[in-house]
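S.K.: So I've got this file, entry-v1.cif, and it contains mmCIF, C-alpha atoms:
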```
data_my_file
#
loop_
_atom_site.label_atom_id
_atom_site.label_comp_id
_atom_site.auth_asym_id
_atom_site.auth_seq_id
_atom_site.Cartn_x
_atom_site.Cartn_y
_atom_site.Cartn_z
CA MET A 679 -74.95 72.33 0.38
CA GLY A 680 -71.47 73.61 1.16
CA GLU A 681 -69.56 76.60 -0.15
CA ALA A 682 -66.27 76.60 -2.08
CA ILE A 683 -63.72 79.39 -1.57
CA VAL A 684 -60.61 79.65 -3.72
CA ILE A 685 -57.49 81.24 -2.20
CA THR A 686 -55.35 82.83 -4.87
CA SER A 687 -52.68 85.48 -5.50
CA GLY A 688 -51.02 87.33 -8.33
CA LYS A 689 -47.55 86.12 -7.41
CA GLY A 690 -45.94 83.48 -5.24
CA GLY A 691 -44.46 83.95 -1.80
CA VAL A 692 -47.20 86.16 -0.37
CA GLY A 693 -48.62 83.62 2.10
CA LYS A 694 -51.45 82.12 0.07
CA THR A 695 -50.89 78.52 1.18
CA THR A 696 -50.36 79.63 4.79
CA LEU A 697 -53.72 81.39 4.67
CA SER A 698 -55.35 78.28 3.17
CA ALA A 699 -54.01 76.07 5.97
CA ASN A 700 -54.94 78.44 8.77
CA LEU A 701 -58.36 79.38 7.38
CA GLY A 702 -59.23 75.71 6.96
CA CYS A 703 -58.13 74.93 10.51
CA ALA A 704 -60.01 77.94 11.90
CA LEU A 705 -63.25 77.00 10.16
CA ALA A 706 -62.92 73.43 11.40
CA LEU A 707 -62.22 74.61 14.96
CA SER A 708 -65.41 76.68 14.68
CA GLY A 709 -67.39 73.49 14.14
CA LYS A 710 -67.62 73.60 10.35
CA LYS A 711 -66.81 70.42 8.43
CA THR A 712 -64.03 71.70 6.19
CA LEU A 713 -62.18 70.20 3.23
CA LEU A 714 -58.85 71.67 2.09
CA ILE A 715 -57.86 70.90 -1.51
CA ASP A 716 -54.36 71.60 -2.82
CA THR A 717 -54.49 72.31 -6.57
CA ASP A 718 -50.86 73.37 -6.93
CA ILE A 719 -49.98 70.22 -8.87
CA GLY A 720 -46.25 69.52 -9.08
CA LEU A 721 -45.43 72.05 -6.35
CA ARG A 722 -47.53 70.96 -3.38
CA ASN A 723 -46.76 72.50 0.01
CA LEU A 724 -50.06 72.53 1.86
CA ASP A 725 -49.40 69.01 3.16
CA ILE A 726 -46.22 70.23 4.89
CA LEU A 727 -47.96 73.18 6.54
CA LEU A 728 -50.59 70.79 7.89
CA GLY A 729 -48.02 68.20 8.98
CA LEU A 730 -49.68 65.51 6.83
CA GLU A 731 -46.97 64.85 4.24
CA ASP A 732 -46.16 61.35 5.54
CA ARG A 733 -49.74 60.10 5.19
CA ILE A 734 -50.32 60.74 1.48
CA VAL A 735 -51.30 57.78 -0.70
CA TYR A 736 -53.74 59.23 -3.25
CA ASP A 737 -54.13 62.81 -4.48
CA VAL A 738 -56.43 65.17 -6.37
CA VAL A 739 -55.23 63.85 -9.75
CA ASP A 740 -56.16 60.31 -8.72
CA VAL A 741 -59.67 61.50 -7.86
CA CYS A 742 -60.15 63.40 -11.12
CA ALA A 743 -58.72 60.50 -13.17
CA GLY A 744 -61.08 58.03 -11.51
CA ASN A 745 -58.30 56.03 -9.84
CA CYS A 746 -60.07 56.45 -6.49
CA ASP A 747 -63.07 58.21 -5.00
CA ILE A 748 -62.95 61.39 -2.89
CA ALA A 749 -63.10 59.47 0.38
CA LYS A 750 -60.05 57.36 -0.43
CA ALA A 751 -57.88 60.39 -1.25
CA THR A 752 -59.05 62.42 1.74
CA LEU A 753 -56.91 62.63 4.87
CA HIS A 754 -58.43 63.43 8.24
CA ASP A 755 -56.37 65.70 10.50
CA LYS A 756 -56.36 63.85 13.83
CA ARG A 757 -55.74 67.08 15.78
CA ILE A 758 -58.87 68.82 14.50
CA GLU A 759 -62.07 66.83 14.31
CA ASN A 760 -63.69 68.66 11.39
CA LEU A 761 -60.62 69.15 9.16
CA TYR A 762 -60.03 67.07 6.00
CA PHE A 763 -57.47 67.37 3.21
CA ILE A 764 -56.91 66.25 -0.39
CA PRO A 765 -53.28 66.79 -1.47
CA ALA A 766 -51.98 67.77 -4.89
CA SER A 767 -49.84 65.41 -6.92
CA GLN A 768 -46.11 66.00 -6.70
CA ALA A 769 -45.25 63.90 -9.77
CA LYS A 770 -47.74 65.23 -12.36
CA ASP A 771 -48.09 68.64 -13.98
CA LYS A 772 -50.98 71.10 -13.97
CA ASN A 773 -52.38 69.69 -17.23
CA ALA A 774 -53.10 66.36 -15.54
CA ILE A 775 -56.62 67.53 -14.71
CA THR A 776 -59.15 69.73 -16.50
CA PRO A 777 -61.36 72.53 -15.21
CA LEU A 778 -64.46 70.38 -15.79
CA GLN A 779 -62.97 67.55 -13.70
CA MET A 780 -62.25 69.98 -10.89
CA LYS A 781 -65.75 71.45 -11.13
CA SER A 782 -67.21 67.95 -10.74
CA LEU A 783 -65.00 67.22 -7.73
CA ILE A 784 -66.05 70.46 -6.02
CA LYS A 785 -69.73 69.83 -6.76
CA ASN A 786 -69.54 66.39 -5.13
CA ALA A 787 -67.59 67.73 -2.13
CA LYS A 788 -70.22 70.40 -1.47
CA GLU A 789 -72.70 67.66 -0.63
CA GLU A 790 -70.63 66.55 2.36
CA TYR A 791 -68.69 69.58 3.59
CA ASP A 792 -69.71 73.00 4.93
CA TYR A 793 -66.64 74.67 3.40
CA ILE A 794 -64.21 73.64 0.67
CA ILE A 795 -61.03 75.74 0.72
CA ILE A 796 -59.11 75.52 -2.58
CA ASP A 797 -55.42 76.42 -2.47
CA SER A 798 -54.66 77.77 -5.94
CA PRO A 799 -51.27 77.96 -7.65
CA ALA A 800 -49.92 81.50 -7.78
CA GLY A 801 -50.23 83.45 -11.01
CA LEU A 802 -52.23 82.92 -14.17
CA GLU A 803 -51.06 79.57 -15.49
CA ALA A 804 -53.26 76.54 -16.25
CA GLY A 805 -53.62 75.66 -12.58
CA PHE A 806 -55.51 78.91 -11.98
CA GLU A 807 -58.29 77.81 -14.34
CA ASN A 808 -58.64 74.53 -12.46
CA ALA A 809 -58.68 76.16 -9.04
CA VAL A 810 -61.35 78.77 -9.74
CA MET A 811 -63.70 76.33 -11.46
CA GLY A 812 -66.56 75.57 -9.11
CA ALA A 813 -65.63 78.26 -6.55
CA ASP A 814 -68.40 80.43 -5.11
CA ARG A 815 -66.15 83.04 -3.53
CA ALA A 816 -62.51 84.07 -3.75
CA ILE A 817 -59.92 85.48 -1.38
CA VAL A 818 -56.97 87.23 -3.01
CA VAL A 819 -53.81 87.40 -0.89
CA THR A 820 -51.40 90.30 -1.23
CA VAL A 821 -48.59 91.91 0.73
CA PRO A 822 -48.42 95.72 1.16
CA GLU A 823 -46.05 96.31 -1.77
CA MET A 824 -47.04 98.01 -5.02
CA THR A 825 -45.89 95.14 -7.27
CA SER A 826 -47.89 92.60 -5.29
CA VAL A 827 -50.99 94.81 -5.17
CA ARG A 828 -50.82 95.44 -8.92
CA ASP A 829 -50.67 91.67 -9.55
CA ALA A 830 -53.57 91.18 -7.14
CA ASP A 831 -55.60 93.77 -9.06
CA ARG A 832 -55.18 91.74 -12.24
CA ILE A 833 -56.30 88.58 -10.45
CA VAL A 834 -59.41 90.36 -9.17
CA GLY A 835 -60.34 91.21 -12.76
CA LEU A 836 -59.82 87.64 -13.93
CA LEU A 837 -61.93 86.26 -11.11
CA GLU A 838 -64.77 88.57 -12.09
CA ASN A 839 -64.40 87.40 -15.70
CA HIS A 840 -64.87 83.83 -14.43
CA GLY A 841 -68.16 84.81 -12.82
CA ILE A 842 -66.89 85.07 -9.24
CA GLU A 843 -68.38 88.33 -8.02
CA ASP A 844 -67.75 87.84 -4.29
CA VAL A 845 -64.02 88.65 -4.13
CA MET A 846 -62.28 89.57 -0.87
CA VAL A 847 -58.70 90.46 -0.02
CA VAL A 848 -56.33 89.50 2.78
CA ILE A 849 -53.36 91.79 3.35
CA ASN A 850 -50.52 89.68 4.67
CA ARG A 851 -47.34 90.55 6.63
CA ILE A 852 -48.42 94.09 7.40
CA SER A 853 -46.54 96.17 9.96
CA GLN A 854 -48.05 99.37 11.31
CA LYS A 855 -44.56 100.62 12.10
CA ALA A 856 -43.48 100.19 8.46
CA VAL A 857 -46.70 101.81 7.22
CA GLU A 858 -46.10 104.86 9.41
CA ARG A 859 -42.56 105.18 8.02
CA GLY A 860 -43.85 105.01 4.45
CA MET A 861 -42.12 101.69 3.79
CA MET A 862 -45.39 99.81 3.20
CA LEU A 863 -48.71 100.67 1.63
CA SER A 864 -51.48 101.25 4.13
CA THR A 865 -54.67 99.19 4.23
CA GLU A 866 -56.61 102.18 2.90
CA GLU A 867 -54.25 102.63 -0.06
CA ILE A 868 -54.49 98.94 -0.98
CA LEU A 869 -58.27 98.89 -0.83
CA GLU A 870 -58.47 102.03 -2.97
CA ILE A 871 -56.49 100.23 -5.68
CA LEU A 872 -58.28 96.89 -5.50
CA SER A 873 -61.86 98.09 -4.82
CA VAL A 874 -62.82 94.84 -3.06
CA ASN A 875 -63.85 94.03 0.48
CA LEU A 876 -61.18 93.50 3.12
CA VAL A 877 -61.65 90.21 4.98
CA GLY A 878 -58.48 90.45 7.07
CA ALA A 879 -55.05 91.95 7.70
CA VAL A 880 -52.41 89.58 9.08
CA PRO A 881 -49.50 91.16 11.00
CA GLU A 882 -45.87 90.16 10.78
CA ASP A 883 -45.41 87.26 13.20
CA GLU A 884 -42.44 84.94 13.76
CA CYS A 885 -44.94 82.19 14.55
CA VAL A 886 -45.80 81.86 10.85
CA SER A 887 -42.46 80.49 9.66
CA GLY A 888 -41.95 78.44 12.81
CA ALA A 889 -45.40 76.91 12.53
CA ALA A 890 -44.85 76.04 8.88
CA ASN A 891 -41.63 74.20 9.69
CA LYS A 892 -43.36 72.24 12.44
CA GLY A 893 -46.54 71.49 10.49
CA GLU A 894 -48.66 73.21 13.13
CA PRO A 895 -50.79 76.12 11.84
CA CYS A 896 -50.69 79.36 13.83
CA VAL A 897 -54.35 79.14 14.83
CA LEU A 898 -53.33 76.33 17.19
CA ASP A 899 -51.03 78.77 19.05
CA ASP A 900 -53.03 80.92 21.48
CA GLY A 901 -50.18 83.44 21.74
CA SER A 902 -49.85 84.10 18.01
CA LYS A 903 -51.06 87.47 16.73
CA ALA A 904 -51.21 86.06 13.20
CA GLY A 905 -53.17 83.08 14.52
CA LYS A 906 -55.75 85.44 16.01
CA ALA A 907 -55.98 87.30 12.70
CA TYR A 908 -56.57 84.03 10.81
CA MET A 909 -59.26 83.01 13.28
CA ASN A 910 -60.98 86.37 12.81
CA ILE A 911 -60.83 85.94 9.03
CA ALA A 912 -62.67 82.64 9.43
CA ARG A 913 -65.31 84.32 11.56
CA ARG A 914 -65.84 87.01 8.90
CA VAL A 915 -66.06 84.33 6.20
CA MET A 916 -68.86 82.76 8.26
CA GLY A 917 -70.68 86.11 8.33
CA GLU A 918 -69.71 87.49 11.75
CA GLU A 919 -68.76 91.14 12.25
CA VAL A 920 -65.31 91.13 13.81
CA GLY A 921 -62.80 93.97 14.23
CA LEU A 922 -59.31 93.80 12.77
CA VAL A 923 -56.35 92.78 14.92
CA ASP A 924 -54.81 95.89 16.48
CA LEU A 925 -51.49 96.49 14.68
CA LYS A 926 -50.50 99.56 16.68
CA ASP A 927 -47.27 99.66 18.67
CA LYS A 928 -48.15 98.95 22.31
CA ARG A 929 -44.90 100.32 23.82
CA ASN A 930 -45.04 103.46 25.91
CA VAL A 931 -44.61 106.85 24.26
CA PHE A 932 -41.07 107.44 25.60
CA VAL A 933 -39.75 104.14 24.18
CA ARG A 934 -41.36 104.82 20.79
CA ILE A 935 -39.82 108.32 20.61
CA ILE A 936 -36.33 106.99 21.39
CA ASP A 937 -36.76 104.22 18.81
CA ALA A 938 -37.85 106.75 16.18
CA ILE A 939 -34.78 108.93 16.87
CA LEU A 940 -32.37 105.99 16.67
CA ASN A 941 -33.87 104.71 13.42
CA LYS A 942 -34.06 107.99 11.49
#
```
Represent the structure from my file as structure tokens, please.

M.R.:
Amino acid sequence: MGEAIVITSGKGGVGKTTLSANLGCALALSGKKTLLIDTDIGLRNLDILLGLEDRIVYDVVDVCAGNCDIAKATLHDKRIENLYFIPASQAKDKNAITPLQMKSLIKNAKEEYDYIIIDSPAGLEAGFENAVMGADRAIVVTVPEMTSVRDADRIVGLLENHGIEDVMVVINRISQKAVERGMMLSTEEILEILSVNLVGAVPEDECVSGAANKGEPCVLDDGSKAGKAYMNIARRVMGEEVGLVDLKDKRNVFVRIIDAILNK
């Protein structure tokens, strides 16, 4: 029996779908048969990040409505043997499926897949109810800004109200340099507010936007710092004990002092 993990956030634009794509790829690369499901009906983007947008025929609404079975709507990523994907509908709205329909879909998928990663719509609208139904665990994505963390804190409470007790957080787009200057919240400050377990911190990395535009997740780029962080998140999800990616500035002391003087 597989495990379903919902990826959610309090607001849009924090990297939730990017995490979903990269976590799914990383789990699949680790030998786990993984199904990604996009539940952001009407605003799908996960297909673009995976580079699968041109292959879509059926979607999650078709499955829930009984127009096709799971297998017919599922796309297999030819680059990664164990990665599969069910897209969201672009033409329907979030009321096209019900939480009970989604729960049934997830239950059936658990019989075939090791992990089901559910990409949730941002915020608290109807799509949130669909996405969390049937999930065993949750990962809340935030960026190190007070408004984002406050929204994430509300999501954590709602997840617990839905019976999801295993809630983790990923801090996205964090820069140690900005933290040291007081321009970003630190990891410790964020965890003190949210009171949940940290499953990963993803550094700022130009690879992320470039990979999204090319439909090639960062975990496929050996030189990407973000890609390494996503791979480590997958390893922690699977139960391994893995250290966080080192965010410290690797330049020599003299260069860092000059940079600090120039940027005062």

S.K.: Just checking: using all atoms listed in the file, which residue out of A:Lys694, A:Arg832, A:Arg722, A:Lys689 ends up closest to Ile849 of chain A?

M.R.: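 Going through A:Lys694, A:Arg832, A:Arg722, A:Lys689 one by one, the smallest distance to Ile849 of chain A is for A:Lys694.
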
S.K.: So which residues touch Pro799 of chain A within 12 Å, counting all atoms listed in the file, skipping near sequence neighbours fewer than 6 positions away, as a VMD selection string?

M.R.: chain A and resid 684 to 695 698 715 to 724 766 771 to 772 805 to 810 818 to 819

S.K.: Pick the closest to Pro895 of chain A from A:Glu882, A:Glu867, A:Asp740, A:Asp755: which is it, counting all atoms listed in the file?

M.R.: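 Checking each candidate against Pro895 of chain A, we get A:Asp755 as the closest.
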
S.K.: Under the rule that only C-alpha atoms are counted, which of A:Asp900, A:Glu843, A:Glu894, A:Asp792 is the nearest residue to Thr696 of chain A?

M.R.: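 For Thr696 of chain A, the nearest of the given residues is A:Glu894.
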
S.K.: Compile the contact shell of Ile764 of chain A as a VMD selection string: residues with an atom at most 10 Å away, counting all atoms listed in the file, same-chain residues fewer than 3 positions apart removed.

M.R.: chain A and resid 713 to 717 724 to 725 734 736 to 739 741 748 to 754 767 796

S.K.: Which residue gives the smallest distance to Lys785 of chain A among A:Glu918, A:Glu870, A:Asp844, A:Asp814, with all atoms listed in the file counted?

M.R.: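 The closest residue to Lys785 of chain A is A:Asp814.
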
S.K.: Pull segment 906-917 of chain A out of the block and emit all heavy atoms, as a CSV table (one decimal), in the first residue's frame.

M.R.:
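What follows is the written file out02.csv:
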```csv
chain,number,residue,atom,x,y,z
A,906,LYS,N,19.9,19.4,-5.6
A,906,LYS,CA,20.4,18.6,-4.5
A,906,LYS,C,19.5,18.7,-3.3
A,906,LYS,O,19.3,17.7,-2.6
A,906,LYS,CB,21.9,19.1,-4.1
A,906,LYS,CG,22.5,18.2,-3.0
A,906,LYS,CD,23.9,18.7,-2.7
A,906,LYS,CE,24.5,17.9,-1.6
A,906,LYS,NZ,25.9,18.3,-1.3
A,907,ALA,N,19.0,19.9,-3.0
A,907,ALA,CA,18.1,20.1,-1.9
A,907,ALA,C,16.8,19.3,-2.1
A,907,ALA,O,16.4,18.6,-1.1
A,907,ALA,CB,17.8,21.6,-1.7
A,908,TYR,N,16.3,19.3,-3.3
A,908,TYR,CA,15.1,18.5,-3.6
A,908,TYR,C,15.3,17.0,-3.4
A,908,TYR,O,14.5,16.3,-2.9
A,908,TYR,CB,14.6,18.8,-5.0
A,908,TYR,CG,14.0,20.2,-5.2
A,908,TYR,CD1,14.5,21.0,-6.2
A,908,TYR,CD2,13.0,20.7,-4.3
A,908,TYR,CE1,13.9,22.3,-6.4
A,908,TYR,CE2,12.5,22.0,-4.5
A,908,TYR,CZ,12.9,22.8,-5.6
A,908,TYR,OH,12.4,24.0,-5.8
A,909,MET,N,16.5,16.6,-3.9
A,909,MET,CA,16.8,15.2,-3.7
A,909,MET,C,16.9,14.8,-2.3
A,909,MET,O,16.5,13.7,-1.9
A,909,MET,CB,18.1,14.9,-4.5
A,909,MET,CG,18.5,13.4,-4.5
A,909,MET,SD,17.3,12.4,-5.4
A,909,MET,CE,17.7,12.9,-7.1
A,910,ASN,N,17.5,15.6,-1.5
A,910,ASN,CA,17.6,15.4,0.0
A,910,ASN,C,16.3,15.4,0.7
A,910,ASN,O,16.0,14.6,1.6
A,910,ASN,CB,18.5,16.4,0.6
A,910,ASN,CG,20.0,16.1,0.3
A,910,ASN,OD1,20.4,15.1,-0.2
A,910,ASN,ND2,20.8,17.1,0.6
A,911,ILE,N,15.4,16.2,0.2
A,911,ILE,CA,14.0,16.2,0.7
A,911,ILE,C,13.3,14.9,0.5
A,911,ILE,O,12.7,14.3,1.4
A,911,ILE,CB,13.1,17.4,0.1
A,911,ILE,CG1,13.6,18.7,0.6
A,911,ILE,CG2,11.7,17.2,0.4
A,911,ILE,CD1,13.1,19.9,-0.1
A,912,ALA,N,13.5,14.3,-0.7
A,912,ALA,CA,13.0,13.0,-1.1
A,912,ALA,C,13.5,12.0,-0.1
A,912,ALA,O,12.8,11.1,0.3
A,912,ALA,CB,13.3,12.7,-2.5
A,913,ARG,N,14.8,12.0,0.1
A,913,ARG,CA,15.5,11.0,1.0
A,913,ARG,C,14.9,11.1,2.4
A,913,ARG,O,14.7,10.1,3.1
A,913,ARG,CB,17.0,11.2,1.0
A,913,ARG,CG,17.6,10.9,-0.4
A,913,ARG,CD,19.1,11.3,-0.4
A,913,ARG,NE,19.9,10.5,0.6
A,913,ARG,CZ,21.1,10.8,0.8
A,913,ARG,NH1,21.8,11.8,0.3
A,913,ARG,NH2,21.8,10.1,1.7
A,914,ARG,N,14.6,12.3,2.9
A,914,ARG,CA,14.1,12.5,4.2
A,914,ARG,C,12.6,12.0,4.2
A,914,ARG,O,12.2,11.3,5.2
A,914,ARG,CB,14.1,13.9,4.7
A,914,ARG,CG,15.5,14.5,4.9
A,914,ARG,CD,15.5,15.9,5.5
A,914,ARG,NE,16.8,16.4,5.3
A,914,ARG,CZ,17.1,17.3,4.3
A,914,ARG,NH1,16.2,17.7,3.5
A,914,ARG,NH2,18.3,17.8,4.1
A,915,VAL,N,11.9,12.2,3.2
A,915,VAL,CA,10.5,11.7,3.1
A,915,VAL,C,10.5,10.2,3.2
A,915,VAL,O,9.6,9.6,3.8
A,915,VAL,CB,9.8,12.2,1.8
A,915,VAL,CG1,8.6,11.4,1.4
A,915,VAL,CG2,9.5,13.7,1.8
A,916,MET,N,11.5,9.6,2.6
A,916,MET,CA,11.6,8.1,2.6
A,916,MET,C,12.2,7.6,4.0
A,916,MET,O,12.3,6.4,4.1
A,916,MET,CB,12.5,7.6,1.5
A,916,MET,CG,11.9,7.8,0.1
A,916,MET,SD,12.9,7.1,-1.2
A,916,MET,CE,14.3,8.2,-1.2
A,917,GLY,N,12.5,8.5,4.9
A,917,GLY,CA,12.9,8.1,6.2
A,917,GLY,C,14.4,8.1,6.5
A,917,GLY,O,14.9,7.8,7.6
```
